[in-house]
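Asker: Dropping in target27.cif, with mmCIF, C-alpha atoms.
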```cif
data_data
#
loop_
_atom_site.group_PDB
_atom_site.id
_atom_site.type_symbol
_atom_site.label_atom_id
_atom_site.label_comp_id
_atom_site.auth_asym_id
_atom_site.auth_seq_id
_atom_site.Cartn_x
_atom_site.Cartn_y
_atom_site.Cartn_z
ATOM 1 C CA MET A 1 85.261 81.688 87.022
ATOM 2 C CA VAL A 2 87.971 80.838 89.512
ATOM 3 C CA ARG A 3 86.713 79.014 92.577
ATOM 4 C CA THR A 4 88.024 81.033 95.494
ATOM 5 C CA ALA A 5 88.612 80.311 99.182
ATOM 6 C CA VAL A 6 88.762 83.116 101.741
ATOM 7 C CA LEU A 7 90.759 82.524 104.936
ATOM 8 C CA VAL A 8 89.659 84.555 107.955
ATOM 9 C CA SER A 9 90.231 84.794 111.701
ATOM 10 C CA GLY A 10 87.735 87.388 112.944
ATOM 11 C CA GLY A 11 84.661 89.396 112.089
ATOM 12 C CA GLY A 12 84.965 89.143 108.342
ATOM 13 C CA THR A 13 84.466 92.729 107.218
ATOM 14 C CA ASN A 14 86.784 92.170 104.250
ATOM 15 C CA LEU A 15 84.923 88.943 103.489
ATOM 16 C CA GLN A 16 81.690 90.946 103.511
ATOM 17 C CA ALA A 17 83.190 93.400 101.029
ATOM 18 C CA LEU A 18 83.983 90.452 98.740
ATOM 19 C CA ILE A 19 80.485 88.996 99.181
ATOM 20 C CA ASP A 20 78.857 92.366 98.426
ATOM 21 C CA LYS A 21 80.970 92.998 95.305
ATOM 22 C CA ALA A 22 80.276 89.478 94.036
ATOM 23 C CA ALA A 23 76.531 89.933 94.608
ATOM 24 C CA ARG A 24 76.653 93.128 92.521
ATOM 25 C CA GLY A 25 78.460 91.337 89.694
ATOM 26 C CA GLU A 26 81.664 93.324 90.210
ATOM 27 C CA MET A 27 83.888 90.226 90.393
ATOM 28 C CA PRO A 28 82.783 88.155 87.399
ATOM 29 C CA SER A 29 85.931 86.003 87.438
ATOM 30 C CA VAL A 30 85.657 85.132 91.152
ATOM 31 C CA GLU A 31 83.376 82.436 92.569
ATOM 32 C CA LEU A 32 83.375 82.572 96.371
ATOM 33 C CA ALA A 33 83.221 78.865 97.156
ATOM 34 C CA LEU A 34 84.767 78.343 100.593
ATOM 35 C CA VAL A 35 85.504 80.270 103.795
ATOM 36 C CA VAL A 36 87.928 78.771 106.304
ATOM 37 C CA SER A 37 88.761 80.095 109.764
ATOM 38 C CA ASN A 38 91.339 79.141 112.347
ATOM 39 C CA SER A 39 89.025 80.616 115.006
ATOM 40 C CA ALA A 40 85.876 78.695 115.948
ATOM 41 C CA GLY A 41 84.071 81.856 117.059
ATOM 42 C CA ALA A 42 84.901 83.972 114.016
ATOM 43 C CA PHE A 43 81.800 85.900 112.933
ATOM 44 C CA ALA A 44 83.138 85.601 109.370
ATOM 45 C CA LEU A 45 81.898 81.990 109.374
ATOM 46 C CA GLU A 46 78.368 83.247 110.029
ATOM 47 C CA ARG A 47 78.714 85.835 107.233
ATOM 48 C CA ALA A 48 79.712 83.031 104.855
ATOM 49 C CA LYS A 49 76.782 80.821 105.854
ATOM 50 C CA ARG A 50 74.333 83.701 105.398
ATOM 51 C CA ALA A 51 75.710 84.190 101.875
ATOM 52 C CA GLY A 52 75.377 80.487 101.057
ATOM 53 C CA ILE A 53 79.135 79.857 101.065
ATOM 54 C CA ARG A 54 80.589 76.723 102.634
ATOM 55 C CA ALA A 55 82.163 77.708 105.973
ATOM 56 C CA GLU A 56 84.649 75.554 107.886
ATOM 57 C CA TYR A 57 86.620 75.924 111.114
ATOM 58 C CA LEU A 58 89.961 74.121 111.249
ATOM 59 C CA GLU A 59 91.830 73.776 114.528
ATOM 60 C CA LYS A 60 95.558 74.390 114.833
ATOM 61 C CA ALA A 61 96.726 70.758 114.802
ATOM 62 C CA GLY A 62 97.109 69.620 111.200
ATOM 63 C CA PHE A 63 95.685 72.900 109.898
ATOM 64 C CA GLU A 64 97.520 73.030 106.564
ATOM 65 C CA GLU A 65 96.958 69.360 105.732
ATOM 66 C CA ARG A 66 93.219 69.660 106.333
ATOM 67 C CA LEU A 67 93.119 72.979 104.500
ATOM 68 C CA GLU A 68 94.851 71.429 101.498
ATOM 69 C CA ALA A 69 92.268 68.601 101.463
ATOM 70 C CA LEU A 70 89.388 71.114 101.578
ATOM 71 C CA LEU A 71 90.921 73.173 98.777
ATOM 72 C CA ARG A 72 91.234 70.086 96.570
ATOM 73 C CA GLU A 73 87.717 68.917 97.455
ATOM 74 C CA GLU A 74 86.266 72.300 96.437
ATOM 75 C CA GLY A 75 88.427 72.733 93.311
ATOM 76 C CA ILE A 76 89.888 75.996 94.603
ATOM 77 C CA GLY A 77 92.145 78.000 92.296
ATOM 78 C CA LEU A 78 92.658 81.183 94.350
ATOM 79 C CA ILE A 79 93.088 81.838 98.082
ATOM 80 C CA VAL A 80 92.344 85.241 99.603
ATOM 81 C CA LEU A 81 93.676 85.984 103.082
ATOM 82 C CA ALA A 82 91.251 88.503 104.578
ATOM 83 C CA GLY A 83 92.182 89.196 108.169
ATOM 84 C CA PHE A 84 93.753 85.755 108.538
ATOM 85 C CA LEU A 85 96.030 85.834 111.578
ATOM 86 C CA ARG A 86 98.196 82.830 110.907
ATOM 87 C CA ILE A 87 101.443 82.580 108.957
ATOM 88 C CA LEU A 88 101.294 79.871 106.299
ATOM 89 C CA SER A 89 104.349 77.648 105.902
ATOM 90 C CA GLU A 90 106.933 78.052 103.178
ATOM 91 C CA ASP A 91 105.943 74.657 101.742
ATOM 92 C CA PHE A 92 102.277 75.677 101.531
ATOM 93 C CA THR A 93 102.969 79.088 99.995
ATOM 94 C CA ARG A 94 105.354 77.534 97.469
ATOM 95 C CA ARG A 95 102.714 74.999 96.361
ATOM 96 C CA TRP A 96 100.220 77.854 95.909
ATOM 97 C CA ALA A 97 102.632 80.411 94.446
ATOM 98 C CA GLY A 98 100.798 83.091 92.472
ATOM 99 C CA ARG A 99 97.459 81.873 93.856
ATOM 100 C CA ILE A 100 97.391 83.390 97.367
ATOM 101 C CA ILE A 101 96.759 87.084 97.997
ATOM 102 C CA ASN A 102 96.602 89.000 101.276
ATOM 103 C CA ILE A 103 95.242 92.347 102.413
ATOM 104 C CA HIS A 104 97.516 94.260 104.790
ATOM 105 C CA PRO A 105 96.401 97.449 106.597
ATOM 106 C CA SER A 106 99.350 99.671 105.695
ATOM 107 C CA LEU A 107 101.275 100.862 102.669
ATOM 108 C CA ILE A 108 103.922 98.156 102.447
ATOM 109 C CA PRO A 109 106.882 98.366 103.145
ATOM 110 C CA SER A 110 105.775 100.451 106.139
ATOM 111 C CA PHE A 111 104.458 98.746 109.265
ATOM 112 C CA CYS A 112 104.504 95.212 107.924
ATOM 113 C CA GLY A 113 106.058 91.832 108.566
ATOM 114 C CA ALA A 114 105.940 89.521 111.570
ATOM 115 C CA GLY A 115 103.984 90.994 114.470
ATOM 116 C CA PHE A 116 102.279 93.727 112.440
ATOM 117 C CA TYR A 117 98.561 92.985 112.178
ATOM 118 C CA GLY A 118 95.242 94.530 113.163
ATOM 119 C CA LEU A 119 95.327 97.484 115.528
ATOM 120 C CA ARG A 120 99.076 97.054 116.053
ATOM 121 C CA VAL A 121 99.655 98.397 112.550
ATOM 122 C CA HIS A 122 97.549 101.500 113.123
ATOM 123 C CA ALA A 123 99.042 102.143 116.566
ATOM 124 C CA ALA A 124 102.535 101.989 115.042
ATOM 125 C CA ALA A 125 101.566 104.387 112.264
ATOM 126 C CA LEU A 126 100.172 106.884 114.779
ATOM 127 C CA GLU A 127 103.197 106.518 117.057
ATOM 128 C CA ARG A 128 105.518 107.219 114.117
ATOM 129 C CA GLY A 129 103.485 110.272 113.168
ATOM 130 C CA VAL A 130 102.859 109.408 109.519
ATOM 131 C CA LYS A 131 100.440 111.668 107.664
ATOM 132 C CA VAL A 132 99.338 109.022 105.156
ATOM 133 C CA THR A 133 98.730 105.319 105.621
ATOM 134 C CA GLY A 134 96.512 102.918 103.695
ATOM 135 C CA ALA A 135 96.248 99.302 102.625
ATOM 136 C CA THR A 136 98.108 96.916 100.343
ATOM 137 C CA VAL A 137 97.088 93.730 98.567
ATOM 138 C CA HIS A 138 100.036 91.495 97.769
ATOM 139 C CA PHE A 139 100.861 87.974 96.698
ATOM 140 C CA VAL A 140 101.810 85.718 99.597
ATOM 141 C CA ASN A 141 105.191 84.051 99.770
ATOM 142 C CA GLU A 142 107.337 82.643 102.593
ATOM 143 C CA ILE A 143 108.136 86.134 103.949
ATOM 144 C CA PRO A 144 105.330 87.770 105.979
ATOM 145 C CA ASP A 145 104.041 90.673 103.841
ATOM 146 C CA GLY A 146 106.971 90.094 101.475
ATOM 147 C CA GLY A 147 105.252 89.118 98.234
ATOM 148 C CA GLU A 148 104.795 91.195 95.107
ATOM 149 C CA ILE A 149 102.402 94.127 95.534
ATOM 150 C CA ILE A 150 99.198 93.960 93.488
ATOM 151 C CA ALA A 151 97.386 97.108 94.667
ATOM 152 C CA GLN A 152 97.695 99.932 97.199
ATOM 153 C CA ARG A 153 95.444 102.765 98.276
ATOM 154 C CA ALA A 154 96.382 105.688 100.506
ATOM 155 C CA VAL A 155 94.305 107.063 103.377
ATOM 156 C CA GLU A 156 94.962 110.333 105.207
ATOM 157 C CA VAL A 157 95.755 110.215 108.919
ATOM 158 C CA LEU A 158 93.646 112.827 110.707
ATOM 159 C CA PRO A 159 94.369 114.822 113.868
ATOM 160 C CA GLY A 160 92.895 113.035 116.866
ATOM 161 C CA ASP A 161 92.897 109.612 115.210
ATOM 162 C CA THR A 162 93.034 106.604 117.486
ATOM 163 C CA PRO A 163 94.094 103.163 116.279
ATOM 164 C CA GLU A 164 90.387 102.248 116.136
ATOM 165 C CA THR A 165 89.237 105.272 114.120
ATOM 166 C CA LEU A 166 92.169 104.916 111.754
ATOM 167 C CA GLN A 167 91.516 101.204 111.320
ATOM 168 C CA ARG A 168 87.888 101.867 110.404
ATOM 169 C CA ARG A 169 88.772 104.555 107.857
ATOM 170 C CA VAL A 170 91.478 102.374 106.264
ATOM 171 C CA MET A 171 88.952 99.551 105.920
ATOM 172 C CA GLU A 172 86.246 101.772 104.427
ATOM 173 C CA GLN A 173 88.449 103.889 102.144
ATOM 174 C CA ALA A 174 91.029 101.305 101.095
ATOM 175 C CA GLU A 175 90.660 97.638 102.089
ATOM 176 C CA TRP A 176 87.043 97.137 101.043
ATOM 177 C CA ILE A 177 87.813 98.723 97.663
ATOM 178 C CA ILE A 178 91.158 97.231 96.645
ATOM 179 C CA LEU A 179 90.714 93.672 97.955
ATOM 180 C CA PRO A 180 87.790 92.840 95.627
ATOM 181 C CA GLN A 181 89.546 94.628 92.744
ATOM 182 C CA ALA A 182 92.750 92.659 93.314
ATOM 183 C CA ALA A 183 90.882 89.354 93.662
ATOM 184 C CA GLU A 184 89.176 89.991 90.324
ATOM 185 C CA LYS A 185 92.455 91.014 88.673
ATOM 186 C CA VAL A 186 94.273 87.872 89.857
ATOM 187 C CA ALA A 187 91.329 85.612 88.963
ATOM 188 C CA GLU A 188 91.293 87.107 85.439
ATOM 189 C CA MET A 189 95.032 86.383 85.117
ATOM 190 C CA LEU A 190 94.494 82.800 86.321
ATOM 191 C CA GLU A 191 91.653 82.286 83.830
ATOM 192 C CA ARG A 192 93.964 83.344 81.001
ATOM 193 C CA SER A 193 96.901 81.173 82.079
#
```
Would you write out, as structure tokens, the structure that this file holds?
Answerer:
Amino acid sequence: MVRTAVLVSGGGTNLQALIDKAARGEMPSVELALVVSNSAGAFALERAKRAGIRAEYLEKAGFEERLEALLREEGIGLIVLAGFLRILSEDFTRRWAGRIINIHPSLIPSFCGAGFYGLRVHAAALERGVKVTGATVHFVNEIPDGGEIIAQRAVEVLPGDTPETLQRRVMEQAEWIILPQAAEKVAEMLERS
């Protein structure tokens, strides 16, 4: 099993999807060992504690240095960004190349990159008038949403959608399905390497 850290900034619905899949034995290569947030009030930290996973808040100053120390302390081999609203430095992503994955709420290369996160993504998709959107899991590199794509899943945009209704459907029909699958796939690859 690959000891895995999940980085979060908010409510942790994607974290919950990972916790639920792990509890059902659907991610046998992934051991959820650590949850880290850059937001002290993130409900994701409570979700982690309830699941018996170490949960830590790290403030902005010295974030990456303290994160690196936690990752070493916990023997982490894989990092999953699950609604983590902070761009990691080029140095950090280079040190963890091939070991950081991210979930993004669109079909990359659409509606991605700096400034595209959360409801902003769904508002942009609706403004553009796309008929299909979805979610993408990708490796993280120095370019926001620029790493190699691991998995994608499409979701239909419906008449009358708001950014909130579209966000919810993308989470339910795409994010919560492909993020655990991609985490397991990458963990399996890491176990073999």
Asker: I'd like the neighbourhood of stretch 21-28 of chain A as a PyMOL selection string, where a residue qualifies if any of its atoms comes within 9 Å (using all atoms listed in the file), though same-chain residues fewer than 2 positions away should be ignored.
Answerer: chain A and resi 1+16-19+30-32+180-181+183-185+187-188
Asker: Give me the result of the PyMOL selection byres ((chain A and resi 2-15) around 7) on this file, residue by residue, as a VMD selection string.
Answerer: chain A and resid 1 16 to 19 29 to 39 42 to 44 75 to 85 176 187 191
Asker: Can you turn the PyMOL selection byres ((chain A and resi 129) around 12) into a concrete residue list for this file, as a list in words?
Answerer: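 This file gives the following for the PyMOL selection byres ((chain A and resi 129) around 12): His122, Ala123, Ala124, Ala125, Leu126, Glu127, Arg128, Val130, Lys131, Val132, Thr133, Glu156, Val157, Leu158, Pro159, Gly160, Asp161 and Thr162 of chain A.
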Asker: Separation of atom CA of A:Gln173 and atom CA of A:Arg47, in Å?
Answerer: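 If I compute the distance from atom CA of A:Gln173 to atom CA of A:Arg47, I get 21.1 Å.
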Asker: On this structure, the PyMOL selection byres ((chain A and resi 106-108) around 12) would catch which residues? List them as JSON, numbers by chain, sorted by chain and number.
Answerer: {"A": [102, 103, 104, 105, 109, 110, 111, 112, 113, 116, 117, 118, 119, 120, 121, 122, 123, 124, 125, 126, 130, 131, 132, 133, 134, 135, 136, 137, 138, 144, 145, 146, 147, 148, 149, 150, 151, 152, 153, 154, 155, 156, 157, 166, 167, 169, 170, 171, 174, 175]}
Asker: Residues as selected, C-alpha atoms, written as a PDB file, in the coordinates of the input, can you do that?
Answerer:
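Printed below is out-v9.pdb as written:
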```
ATOM      1  CA  ASN A 102      96.602  89.000 101.276  1.00  0.00           C
ATOM      2  CA  ILE A 103      95.242  92.347 102.413  1.00  0.00           C
ATOM      3  CA  HIS A 104      97.516  94.260 104.790  1.00  0.00           C
ATOM      4  CA  PRO A 105      96.401  97.449 106.597  1.00  0.00           C
ATOM      5  CA  PRO A 109     106.882  98.366 103.145  1.00  0.00           C
ATOM      6  CA  SER A 110     105.775 100.451 106.139  1.00  0.00           C
ATOM      7  CA  PHE A 111     104.458  98.746 109.265  1.00  0.00           C
ATOM      8  CA  CYS A 112     104.504  95.212 107.924  1.00  0.00           C
ATOM      9  CA  GLY A 113     106.058  91.832 108.566  1.00  0.00           C
ATOM     10  CA  PHE A 116     102.279  93.727 112.440  1.00  0.00           C
ATOM     11  CA  TYR A 117      98.561  92.985 112.178  1.00  0.00           C
ATOM     12  CA  GLY A 118      95.242  94.530 113.163  1.00  0.00           C
ATOM     13  CA  LEU A 119      95.327  97.484 115.528  1.00  0.00           C
ATOM     14  CA  ARG A 120      99.076  97.054 116.053  1.00  0.00           C
ATOM     15  CA  VAL A 121      99.655  98.397 112.550  1.00  0.00           C
ATOM     16  CA  HIS A 122      97.549 101.500 113.123  1.00  0.00           C
ATOM     17  CA  ALA A 123      99.042 102.143 116.566  1.00  0.00           C
ATOM     18  CA  ALA A 124     102.535 101.989 115.042  1.00  0.00           C
ATOM     19  CA  ALA A 125     101.566 104.387 112.264  1.00  0.00           C
ATOM     20  CA  LEU A 126     100.172 106.884 114.779  1.00  0.00           C
ATOM     21  CA  VAL A 130     102.859 109.408 109.519  1.00  0.00           C
ATOM     22  CA  LYS A 131     100.440 111.668 107.664  1.00  0.00           C
ATOM     23  CA  VAL A 132      99.338 109.022 105.156  1.00  0.00           C
ATOM     24  CA  THR A 133      98.730 105.319 105.621  1.00  0.00           C
ATOM     25  CA  GLY A 134      96.512 102.918 103.695  1.00  0.00           C
ATOM     26  CA  ALA A 135      96.248  99.302 102.625  1.00  0.00           C
ATOM     27  CA  THR A 136      98.108  96.916 100.343  1.00  0.00           C
ATOM     28  CA  VAL A 137      97.088  93.730  98.567  1.00  0.00           C
ATOM     29  CA  HIS A 138     100.036  91.495  97.769  1.00  0.00           C
ATOM     30  CA  PRO A 144     105.330  87.770 105.979  1.00  0.00           C
ATOM     31  CA  ASP A 145     104.041  90.673 103.841  1.00  0.00           C
ATOM     32  CA  GLY A 146     106.971  90.094 101.475  1.00  0.00           C
ATOM     33  CA  GLY A 147     105.252  89.118  98.234  1.00  0.00           C
ATOM     34  CA  GLU A 148     104.795  91.195  95.107  1.00  0.00           C
ATOM     35  CA  ILE A 149     102.402  94.127  95.534  1.00  0.00           C
ATOM     36  CA  ILE A 150      99.198  93.960  93.488  1.00  0.00           C
ATOM     37  CA  ALA A 151      97.386  97.108  94.667  1.00  0.00           C
ATOM     38  CA  GLN A 152      97.695  99.932  97.199  1.00  0.00           C
ATOM     39  CA  ARG A 153      95.444 102.765  98.276  1.00  0.00           C
ATOM     40  CA  ALA A 154      96.382 105.688 100.506  1.00  0.00           C
ATOM     41  CA  VAL A 155      94.305 107.063 103.377  1.00  0.00           C
ATOM     42  CA  GLU A 156      94.962 110.333 105.207  1.00  0.00           C
ATOM     43  CA  VAL A 157      95.755 110.215 108.919  1.00  0.00           C
ATOM     44  CA  LEU A 166      92.169 104.916 111.754  1.00  0.00           C
ATOM     45  CA  GLN A 167      91.516 101.204 111.320  1.00  0.00           C
ATOM     46  CA  ARG A 169      88.772 104.555 107.857  1.00  0.00           C
ATOM     47  CA  VAL A 170      91.478 102.374 106.264  1.00  0.00           C
ATOM     48  CA  MET A 171      88.952  99.551 105.920  1.00  0.00           C
ATOM     49  CA  ALA A 174      91.029 101.305 101.095  1.00  0.00           C
ATOM     50  CA  GLU A 175      90.660  97.638 102.089  1.00  0.00           C
TER      51      GLU A 175
END
```
Asker: Just to confirm, what's the straight-line distance from atom CA of A:Val140 to atom CA of A:Gly98 in Å (one decimal)?
Answerer: 7.7 Å
Asker: Using Å and a single decimal, report how far atom CA of A:Arg95 sits from atom CA of A:Glu65.
Answerer: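 Between atom CA of A:Glu65 and atom CA of A:Arg95 the gap works out to 12.4 Å.
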Asker: Please write out, as AutoDock Vina command-line options, where the centre of an axis-aligned box around all listed atoms of stretch 57-62 of chain A lies and how long its edges are, in Å to one decimal, after adding 3 Å on each side.
Answerer:
```
--center_x 91.9 --center_y 72.8 --center_z 113.0 --size_x 16.5 --size_y 12.3 --size_z 9.7
```
